[in-house]
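Below: one structure, written as structure tokens.
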Amino acid sequence: MSQTNDREKIAGVTIYEEDFYASKETTEEFLQILAFRLSQEWYGINVAKIKVINKVQPITYLPFAPASIAGIINFRGDMVSVTDLKRILGLPDSEMTETARLVVVESGPCATALLVDQIDEIITVPVSQIYPKLETIAPQTAEYIEAGCKSGKKLLGILNVERILLWKKESI
């Protein structure tokens, strides 16, 4: 039986030639997140806030600085503070290893180098798969986490760089 005969049998039904199951172009937004480890927990930072990632270089102790400021480094001729995120987030200290890195972040005129234990990878996450921060996070930590996402079997707390830089500015 031909296709036209089939259509003639379906009386009173409008038939569209458009394929309803054809993929519609979506313009879903994606966010690139740098996943990294602090102690035994996983966190992330929006890649747009990152200036550079370096191996840990000698950190100069800064007297009278808050406990979360590990010191300063010479970054391309500028002095940049090194922020120990573990102290801000209330995580246990651990020995620095070969996998430790400095992640230089900036927002506006403020910048700091975040000391992290290990870089994992840069992941691309659809914005629809980023969820609000969990309500079970301790209040002193929650103010530095803006959202969460999943990367494989890891749950990442996405850090609020502006809040970390604001804390640094308030504490100095």
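Chain labels A, B, ... are given in the sequence in which chains occur in the structure tokens; within each chain residues are numbered consecutively from 1, and ligands are likewise numbered from 1 in the order shown.
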Quick one: contact table of range 61-148 of chain A to range 44-57 of chain A, 6 Å max, nearest atom pair and distance in Å to one decimal per residue, counting only C-alpha atoms, chain and number order, as CSV?
residue,atom,partner,partner_atom,distance
A:Arg101,CA,A:Lys55,CA,4.8
A:Leu102,CA,A:Asn54,CA,5.2
A:Val103,CA,A:Ile53,CA,4.5
A:Val104,CA,A:Val52,CA,5.3
A:Val105,CA,A:Ile50,CA,4.4
A:Glu106,CA,A:Lys49,CA,5.7
Preceding selection exported with N, CA, C and O atoms as a short mmCIF file (atom, residue, chain, number, x, y, z; two decimals), in the first residue's frame:
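The resulting file, again24.cif, is shown below:
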data_model
loop_
_atom_site.label_atom_id
_atom_site.label_comp_id
_atom_site.auth_asym_id
_atom_site.auth_seq_id
_atom_site.Cartn_x
_atom_site.Cartn_y
_atom_site.Cartn_z
N ARG A 101 49.02 22.85 44.23
CA ARG A 101 49.10 23.90 43.22
C ARG A 101 48.58 25.23 43.78
O ARG A 101 47.85 25.26 44.77
N LEU A 102 48.99 26.31 43.13
CA LEU A 102 48.48 27.64 43.41
C LEU A 102 47.56 28.03 42.26
O LEU A 102 47.99 28.03 41.10
N VAL A 103 46.33 28.33 42.58
CA VAL A 103 45.35 28.76 41.57
C VAL A 103 45.13 30.25 41.79
O VAL A 103 44.52 30.66 42.77
N VAL A 104 45.66 31.05 40.88
CA VAL A 104 45.52 32.51 41.00
C VAL A 104 44.16 32.89 40.43
O VAL A 104 43.87 32.63 39.27
N VAL A 105 43.33 33.48 41.30
CA VAL A 105 41.98 33.91 40.90
C VAL A 105 41.89 35.42 41.03
O VAL A 105 42.61 36.03 41.82
N GLU A 106 40.98 35.99 40.25
CA GLU A 106 40.76 37.42 40.36
C GLU A 106 39.30 37.75 40.10
O GLU A 106 38.60 37.02 39.40
#
Original post:
So which residues of chain A fall under strand (DSSP E or B) by DSSP, listed as a PyMOL selection string?
Top reply: chain A and resi 30-38+41-46+50-55+60+69-75+78-84+101-107+110-116+118-126+131-132+145-151+154-159
Subject >> Contacts of Gln129 in chain A at 9 Å (only C-alpha atoms; same-chain gap of 2+ positions) as a PyMOL selection string >> reply: chain A and resi 125-127+131+148-150
Original post:
Can you tell me, as a ChimeraX atom specification, what residues are no more than 10 Å from Glu162 in chain A when counting only C-alpha atoms, ignoring any on the same chain fewer than 5 positions away?
Top reply: /A:49,105-108,110-111,144,167-168
DSSP on the backbone: what in range 68-138 of chain A comes out helix (DSSP H, G or I), as an mmCIF file with N, CA, C and O atoms, in the first residue's frame?
data_model
loop_
_atom_site.group_PDB
_atom_site.id
_atom_site.type_symbol
_atom_site.label_atom_id
_atom_site.label_comp_id
_atom_site.auth_asym_id
_atom_site.auth_seq_id
_atom_site.Cartn_x
_atom_site.Cartn_y
_atom_site.Cartn_z
ATOM 1 N N LEU A 85 42.803 27.890 51.660
ATOM 2 C CA LEU A 85 41.359 27.628 51.700
ATOM 3 C C LEU A 85 40.961 26.678 52.820
ATOM 4 O O LEU A 85 39.861 26.773 53.351
ATOM 5 N N LYS A 86 41.856 25.767 53.189
ATOM 6 C CA LYS A 86 41.512 24.818 54.256
ATOM 7 C C LYS A 86 41.219 25.545 55.561
ATOM 8 O O LYS A 86 40.334 25.154 56.313
ATOM 9 N N ARG A 87 41.933 26.614 55.814
ATOM 10 C CA ARG A 87 41.688 27.375 57.052
ATOM 11 C C ARG A 87 40.377 28.141 56.975
ATOM 12 O O ARG A 87 39.660 28.247 57.958
ATOM 13 N N ILE A 88 40.057 28.677 55.817
ATOM 14 C CA ILE A 88 38.780 29.398 55.656
ATOM 15 C C ILE A 88 37.607 28.435 55.791
ATOM 16 O O ILE A 88 36.609 28.750 56.423
ATOM 17 N N LEU A 89 37.740 27.250 55.189
ATOM 18 C CA LEU A 89 36.641 26.287 55.165
ATOM 19 C C LEU A 89 36.616 25.359 56.377
ATOM 20 O O LEU A 89 35.743 24.502 56.480
ATOM 21 N N VAL A 127 24.402 24.270 32.853
ATOM 22 C CA VAL A 127 23.902 25.097 33.952
ATOM 23 C C VAL A 127 22.709 24.426 34.632
ATOM 24 O O VAL A 127 22.530 24.542 35.845
ATOM 25 N N SER A 128 21.928 23.667 33.870
ATOM 26 C CA SER A 128 20.765 22.987 34.444
ATOM 27 C C SER A 128 21.161 21.903 35.451
ATOM 28 O O SER A 128 20.339 21.466 36.247
ATOM 29 N N GLN A 129 22.427 21.452 35.434
ATOM 30 C CA GLN A 129 22.880 20.422 36.360
ATOM 31 C C GLN A 129 23.662 20.988 37.538
ATOM 32 O O GLN A 129 24.269 20.249 38.300
#
Subject >> Residue nearest Ile145 in chain A - candidates A:Leu159, A:Ala70, A:Leu114, A:Gly77, atoms counted: only C-alpha atoms >> reply: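 Using only C-alpha atoms, the shortest distance to Ile145 in chain A belongs to A:Leu159.
Across the structure, CA of Ala147 in chain A and CA of Pro132 in chain A are spaced 4.6 Å apart.
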Using only C-alpha atoms, which residues of range 103-156 of chain A come within 9 Å of range 30-40 of chain A, and what is the closest atom pair for each, with the distance in Å to one decimal? Give it as CSV, sorted by chain and residue number.
residue,atom,partner,partner_atom,distance
A:Leu115,CA,A:Leu38,CA,8.7
A:Val116,CA,A:Leu38,CA,5.8
A:Asp117,CA,A:Leu38,CA,5.3
A:Gln118,CA,A:Arg37,CA,5.1
A:Ile119,CA,A:Phe36,CA,4.4
A:Asp120,CA,A:Phe36,CA,5.1
A:Glu121,CA,A:Ala35,CA,5.4
A:Ile122,CA,A:Leu34,CA,4.4
A:Ile123,CA,A:Ile33,CA,5.3
A:Thr124,CA,A:Gln32,CA,4.5
A:Val125,CA,A:Leu31,CA,5.3
A:Pro126,CA,A:Phe30,CA,4.3
A:Val127,CA,A:Phe30,CA,5.3
A:Ser128,CA,A:Phe30,CA,8.4
A:Ile130,CA,A:Leu31,CA,8.9
A:Ser151,CA,A:Ala35,CA,8.4
A:Leu156,CA,A:Ala35,CA,7.3
